[in-house]
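Engineer: Please read through the structure below; I'll follow up with questions.
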Protein chains: 2
Amino acid sequence: MPENVGFIGLGVMGRPMAGHLVSRGHAVTVYNRSRGPVDALVDAGATAAAGIADLARRTTIVITMLPDTPDVEAVLGGPGGVVAAISPGSIVIDMSSISPVATRRLASMVAEKGAVMLDAPVSGGEIGAIGASLSIMVGGDAGAFARVKPLLECMGSPQRIVHVGIEPGSGQVCKVANQIAIGGALAGVSEAFALARKVGVDVTRVREALLGGFASSRVLEVHGERMIKGNYAPGFRARLYEKDLRLANELAAAHDVPIPSTRVVAQLVGALVDNGGAELDYSAVATVVFERAGLPPQG
Amino acid sequence: MPENVGFIGLGVMGRPMAGHLVSRGHAVTVYNRSRGPVDALVDAGATAAAGIADLARRTTIVITMLPDTPDVEAVLGGPGGVVAAISPGSIVIDMSSISPVATRRLASMVAEKGAVMLDAPVSGGEIGAIGASLSIMVGGDAGAFARVKPLLECMGSPQRIVHVGIEPGSGQVCKVANQIAIGGALAGVSEAFALARKVGVDVTRVREALLGGFASSRVLEVHGERMIKGNYAPGFRARLYEKDLRLANELAAAHDVPIPSTRVVAQLVGALVDNGGAELDYSAVATVVFERAGLPPQG
């Protein structure tokens, strides 16, 4: 069954993601606050919607890819938003990384309209969006997941699209878990490198040795190399990682889960952002650890 | 040039490591405080030394594999120890995980005898020792490293034997960095799983999703599975990891390197050991995180 797909939010991530849907032959209607990315997608074959409600009325599947929780709340639940305009049987897929609690609330609003909301946050950053190799963590109804899977496969690696659970918000919880796990690894590698550097041991050799054993990780491999080269061009921006860690701390607080290691990571990322690093890759958190050890940012 | 190899310390790690040297045809003289492992290796073709000084006099390369810094200090530098008895031109390889500061001191004592000391701590645990697949991180003289490399290759994977630096203690510093990096990853995965479990999301799915992206690590792969199954049979015992983290904190303090993330990990491991988990695999640190979140140890 051909679906009319709506796509709201054509930023760094959303623009290439919507582009993949268009290039794979789907009928895509797009909306974005600024006009530039809309024109580019229309040139590629998409249709421009007059507004959010117009987009929701024209389509049976609405995808949102927005910066933060309030943006998604406004676009979905606000006046003139998606929920007020969608038809029964439609599916809303929120691919933004937002609060799992807000997601559950929005999913209820969508359900009251006889439609289904899936949360489907992604991992892999701009490179993954451009390369259609994103990891996608999906929460919500299994039937809806099966129906939209071909669309998700236009944007992510098929083997990396995981239906995490049928409860609304499961995907967002998984994304939070993802950012927590990355944070621990990142702090560990940063402190390991800081200590080795301060003692005077070559971190290039240290990284090589560590990659052969239990300390091996994607963070050591990719971000470890960034730390050695001092290459902190994003990538995934520190200010967005700060937001994700805020979501982690909020969720942990709401469920009485102490996460002391993540609190350390959040503190380091906060220091990076406060010191002018908001637009750097989040792996630049190592520079905070290095600086506190009395080391220059690179080496 | 055939070498007469001495091996001191036939514990869980040393016994299979010495066994590999014997089975690969080297002339190996062994010493251990308790007699059982000595007899087993003699049956396999090794020679038993009458004591430490006797072993040092008979051999040109002396390997030590002992639990902690004081053990190595006693065996090498104590009365009737290795240093007092070795010949010029000999090489001492300490494969224990001990203090880099003590290692530098011991290396100086060995050098005063016209011999060379290499520090060559390993990663990979009992499984790596039995399978001859250890990672080996070597510090010290490059010529000595080249001379002993064939011996190290009997115990570790050739591509995982890294000469980290010519300064004595470089290998130990690398080992400390290894344990720090692992600790961060371990705390991150533990907190990620604790939060997902408490919210009610299936951690088996979470692990699967995370393995596809940037959170991917050996810790998530191997220890993540242990956490899900509640399988904490060692592996690498928590009390030894606690020791390694003590070395990390000592080294960091000596060099004025703040390592707040590692301090959190050390605190968690301390709680595990204090609560009867000293002999469990160190990944059981997750049970401390789970318990503090009000969760049962497994699931």
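Identifiers for the structure tokens are assigned positionally: chains receive A, B, ... in sequence, residues are indexed from 1 per chain, and ligands are indexed from 1 in the order shown.
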Hey, could you make a per-residue contact list for chain A against chain B with 6 Å as the cut-off, showing the nearest pair of atoms and its distance in Å to one decimal, counting only C-alpha atoms, sorted by chain and number, as a tab-separated table?

Structural biologist:
```
residue	atom	partner	partner_atom	distance
A:Arg160	CA	B:Gly212	CA	5.5
A:Val162	CA	B:Ala209	CA	5.8
A:Val164	CA	B:Arg205	CA	5.4
A:Cys174	CA	B:Val206	CA	5.7
A:Ala177	CA	B:Ala192	CA	4.3
A:Asn178	CA	B:Leu210	CA	5.9
A:Ile180	CA	B:Gly188	CA	5.6
A:Ala181	CA	B:Gly188	CA	4.1
A:Ile182	CA	B:Ala215	CA	4.8
A:Gly184	CA	B:Gly188	CA	4.1
A:Ala185	CA	B:Ala185	CA	4.1
A:Gly188	CA	B:Gly184	CA	4.1
A:Val189	CA	B:Ala181	CA	4.8
A:Glu191	CA	B:Ile259	CA	5.8
A:Ala192	CA	B:Ala177	CA	4.3
A:Arg205	CA	B:Val164	CA	5.4
A:Val206	CA	B:Cys174	CA	5.8
A:Ala209	CA	B:Val162	CA	5.8
A:Leu210	CA	B:Asn178	CA	5.9
A:Gly212	CA	B:Arg160	CA	5.5
A:Phe214	CA	B:Arg218	CA	5.6
A:Ala215	CA	B:Ile182	CA	4.8
A:Ser216	CA	B:Arg218	CA	5.8
A:Ser217	CA	B:Ser217	CA	3.9
A:Arg218	CA	B:Phe214	CA	5.6
A:Val257	CA	B:Ala293	CA	4.5
A:Ile259	CA	B:Glu191	CA	5.8
A:Ser261	CA	B:Ser261	CA	5.9
A:Ala293	CA	B:Val257	CA	4.5
```

Engineer: Enumerate the residues of stretch 110-168 of chain A with a DSSP assignment of strand (DSSP E), computed from the backbone, and present them as a ChimeraX atom specification.

Structural biologist: /A:116-119,122-123,134-139,156-165

Engineer: For C-alpha atoms, I'd like the residues from the last selection saved as a PDB file, in the first residue's frame.

Structural biologist:
```
ATOM      1  CA  VAL A 116      -0.716   5.458  16.454  1.00  0.00           C
ATOM      2  CA  MET A 117       2.493   7.160  17.536  1.00  0.00           C
ATOM      3  CA  LEU A 118       5.874   5.452  17.341  1.00  0.00           C
ATOM      4  CA  ASP A 119       8.988   6.931  18.925  1.00  0.00           C
ATOM      5  CA  VAL A 122      18.292   7.569  15.945  1.00  0.00           C
ATOM      6  CA  SER A 123      22.005   7.246  16.588  1.00  0.00           C
ATOM      7  CA  LEU A 134      21.437   5.311  11.145  1.00  0.00           C
ATOM      8  CA  SER A 135      20.648   3.063  14.089  1.00  0.00           C
ATOM      9  CA  ILE A 136      16.933   3.438  14.834  1.00  0.00           C
ATOM     10  CA  MET A 137      15.410   2.465  18.208  1.00  0.00           C
ATOM     11  CA  VAL A 138      11.667   2.076  17.951  1.00  0.00           C
ATOM     12  CA  GLY A 139       9.008   2.016  20.664  1.00  0.00           C
ATOM     13  CA  GLY A 156      18.885   3.357   8.580  1.00  0.00           C
ATOM     14  CA  SER A 157      20.764   0.081   8.242  1.00  0.00           C
ATOM     15  CA  PRO A 158      18.172  -2.735   8.244  1.00  0.00           C
ATOM     16  CA  GLN A 159      20.132  -4.727  10.850  1.00  0.00           C
ATOM     17  CA  ARG A 160      20.283  -1.647  13.075  1.00  0.00           C
ATOM     18  CA  ILE A 161      16.552  -0.967  13.217  1.00  0.00           C
ATOM     19  CA  VAL A 162      15.419  -2.500  16.508  1.00  0.00           C
ATOM     20  CA  HIS A 163      11.851  -2.659  17.816  1.00  0.00           C
ATOM     21  CA  VAL A 164      12.740  -2.154  21.475  1.00  0.00           C
ATOM     22  CA  GLY A 165       9.271  -2.586  22.969  1.00  0.00           C
TER      23      GLY A 165
END
```

Engineer: I'd like the neighbourhood of B:Ser97 as a list in words, where a residue qualifies if any of its atoms comes within 8 Å (using only C-alpha atoms), though same-chain residues fewer than 5 positions away should be ignored.

Structural biologist: Leu66, Pro67, Asp68, Thr69, Pro121, Val122, Gln172, Lys175 and Asp244 of chain B

Engineer: Please dump the current selection as a PDB file, in the first residue's frame; keep N, CA and C atoms.

Structural biologist:
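Okay, this is what ended up in result-v8.pdb:
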```
ATOM      1  N   LEU B  66      52.950 -12.087  39.587  1.00  0.00           N
ATOM      2  CA  LEU B  66      52.606 -12.109  41.014  1.00  0.00           C
ATOM      3  C   LEU B  66      51.417 -11.188  41.289  1.00  0.00           C
ATOM      4  N   PRO B  67      50.768 -11.363  42.460  1.00  0.00           N
ATOM      5  CA  PRO B  67      49.500 -10.642  42.672  1.00  0.00           C
ATOM      6  C   PRO B  67      49.616  -9.119  42.776  1.00  0.00           C
ATOM      7  N   ASP B  68      50.619  -8.611  43.505  1.00  0.00           N
ATOM      8  CA  ASP B  68      50.581  -7.172  43.806  1.00  0.00           C
ATOM      9  C   ASP B  68      51.999  -6.614  43.989  1.00  0.00           C
ATOM     10  N   THR B  69      52.078  -5.307  44.104  1.00  0.00           N
ATOM     11  CA  THR B  69      53.367  -4.618  44.196  1.00  0.00           C
ATOM     12  C   THR B  69      54.303  -5.188  45.278  1.00  0.00           C
ATOM     13  N   PRO B 121      52.743  -6.028  31.733  1.00  0.00           N
ATOM     14  CA  PRO B 121      51.458  -6.499  32.264  1.00  0.00           C
ATOM     15  C   PRO B 121      50.531  -6.926  31.131  1.00  0.00           C
ATOM     16  N   VAL B 122      49.569  -7.748  31.484  1.00  0.00           N
ATOM     17  CA  VAL B 122      48.707  -8.360  30.476  1.00  0.00           C
ATOM     18  C   VAL B 122      47.246  -7.991  30.709  1.00  0.00           C
ATOM     19  N   GLN B 172      53.114  -0.590  32.532  1.00  0.00           N
ATOM     20  CA  GLN B 172      52.202  -0.515  33.688  1.00  0.00           C
ATOM     21  C   GLN B 172      51.262   0.681  33.565  1.00  0.00           C
ATOM     22  N   LYS B 175      48.625  -0.320  31.227  1.00  0.00           N
ATOM     23  CA  LYS B 175      47.676  -1.237  31.884  1.00  0.00           C
ATOM     24  C   LYS B 175      46.696  -0.457  32.757  1.00  0.00           C
ATOM     25  N   ASP B 244      43.702  -2.841  40.877  1.00  0.00           N
ATOM     26  CA  ASP B 244      44.115  -2.070  39.700  1.00  0.00           C
ATOM     27  C   ASP B 244      43.598  -0.628  39.775  1.00  0.00           C
TER      28      ASP B 244
END
```

Engineer: State, in Å with one decimal place, the distance from atom CA of A:Leu41 to atom CA of A:Gly19.

Structural biologist: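 Atom-to-atom, atom CA of A:Leu41 to atom CA of A:Gly19, that is 6.6 Å.
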
Engineer: Taking only stretch 68-279 of chain A into account, list the residues labelled helix (DSSP H, G or I) by DSSP (computed from the backbone), as a ChimeraX atom specification.

Structural biologist: /A:69-77,82-85,100-112,125-130,142-152,170-199,203-211,218-229,238-254,260-277

Engineer: Considering only C-alpha atoms, return as number ranges by chain whatever protein or nucleic-acid residues lie within 9 Å of B:Ala85, sequence-local ones (same chain, fewer than 2 positions apart) excluded.

Structural biologist: B: 52-57, 80-83, 87

Engineer: Include N, CA and C atoms and write out the residues we just selected as an mmCIF file, in the first residue's frame.

Structural biologist:
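New file result36.cif:
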```
data_model
loop_
_atom_site.group_PDB
_atom_site.id
_atom_site.type_symbol
_atom_site.label_atom_id
_atom_site.label_comp_id
_atom_site.auth_asym_id
_atom_site.auth_seq_id
_atom_site.Cartn_x
_atom_site.Cartn_y
_atom_site.Cartn_z
ATOM 1 N N ILE B 52 64.321 -18.796 44.903
ATOM 2 C CA ILE B 52 64.332 -17.681 43.961
ATOM 3 C C ILE B 52 65.744 -17.383 43.455
ATOM 4 N N ALA B 53 66.724 -17.309 44.388
ATOM 5 C CA ALA B 53 68.092 -16.993 43.975
ATOM 6 C C ALA B 53 68.646 -18.102 43.076
ATOM 7 N N ASP B 54 68.320 -19.338 43.403
ATOM 8 C CA ASP B 54 68.748 -20.475 42.577
ATOM 9 C C ASP B 54 68.205 -20.334 41.161
ATOM 10 N N LEU B 55 66.925 -19.983 41.061
ATOM 11 C CA LEU B 55 66.301 -19.782 39.740
ATOM 12 C C LEU B 55 67.015 -18.679 38.972
ATOM 13 N N ALA B 56 67.314 -17.573 39.661
ATOM 14 C CA ALA B 56 67.941 -16.431 38.985
ATOM 15 C C ALA B 56 69.345 -16.778 38.505
ATOM 16 N N ARG B 57 70.059 -17.611 39.260
ATOM 17 C CA ARG B 57 71.413 -18.005 38.862
ATOM 18 C C ARG B 57 71.403 -18.935 37.648
ATOM 19 N N GLY B 80 67.813 -12.463 49.225
ATOM 20 C CA GLY B 80 67.674 -13.736 48.505
ATOM 21 C C GLY B 80 66.812 -13.612 47.276
ATOM 22 N N GLY B 81 66.622 -12.375 46.792
ATOM 23 C CA GLY B 81 65.745 -12.156 45.646
ATOM 24 C C GLY B 81 66.473 -12.236 44.322
ATOM 25 N N VAL B 82 65.741 -11.949 43.254
ATOM 26 C CA VAL B 82 66.254 -12.080 41.901
ATOM 27 C C VAL B 82 67.427 -11.130 41.637
ATOM 28 N N VAL B 83 67.256 -9.859 42.057
ATOM 29 C CA VAL B 83 68.269 -8.856 41.698
ATOM 30 C C VAL B 83 69.653 -9.219 42.241
ATOM 31 N N SER B 87 72.779 -12.428 36.575
ATOM 32 C CA SER B 87 74.023 -12.088 35.874
ATOM 33 C C SER B 87 73.803 -10.865 34.992
#
```

Engineer: Using Å and a single decimal, report how far atom CA of B:Tyr282 sits from atom CA of B:Val269.

Structural biologist: 7.5 Å

Engineer: Would you compute the distance between atom CA of A:Val72 and atom CA of A:Ser34? Give it in Å to one decimal.

Structural biologist: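 Distance between the two atoms: 16.3 Å.
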
Engineer: Residues within 12 Å of A:Pro234, please, as a list in words. Count only C-alpha atoms; anything in the same chain fewer than 4 positions from it doesn't count.

Structural biologist: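 The residues that qualify are Val12, Gly124, Gly125, Glu126, Ile127, His223, Arg226, Ala238, Arg239, Leu240, Tyr241, Gly277, Ala278, Glu279, Leu280, Asp281, Tyr282, Ser283 and Ala284 of chain A.
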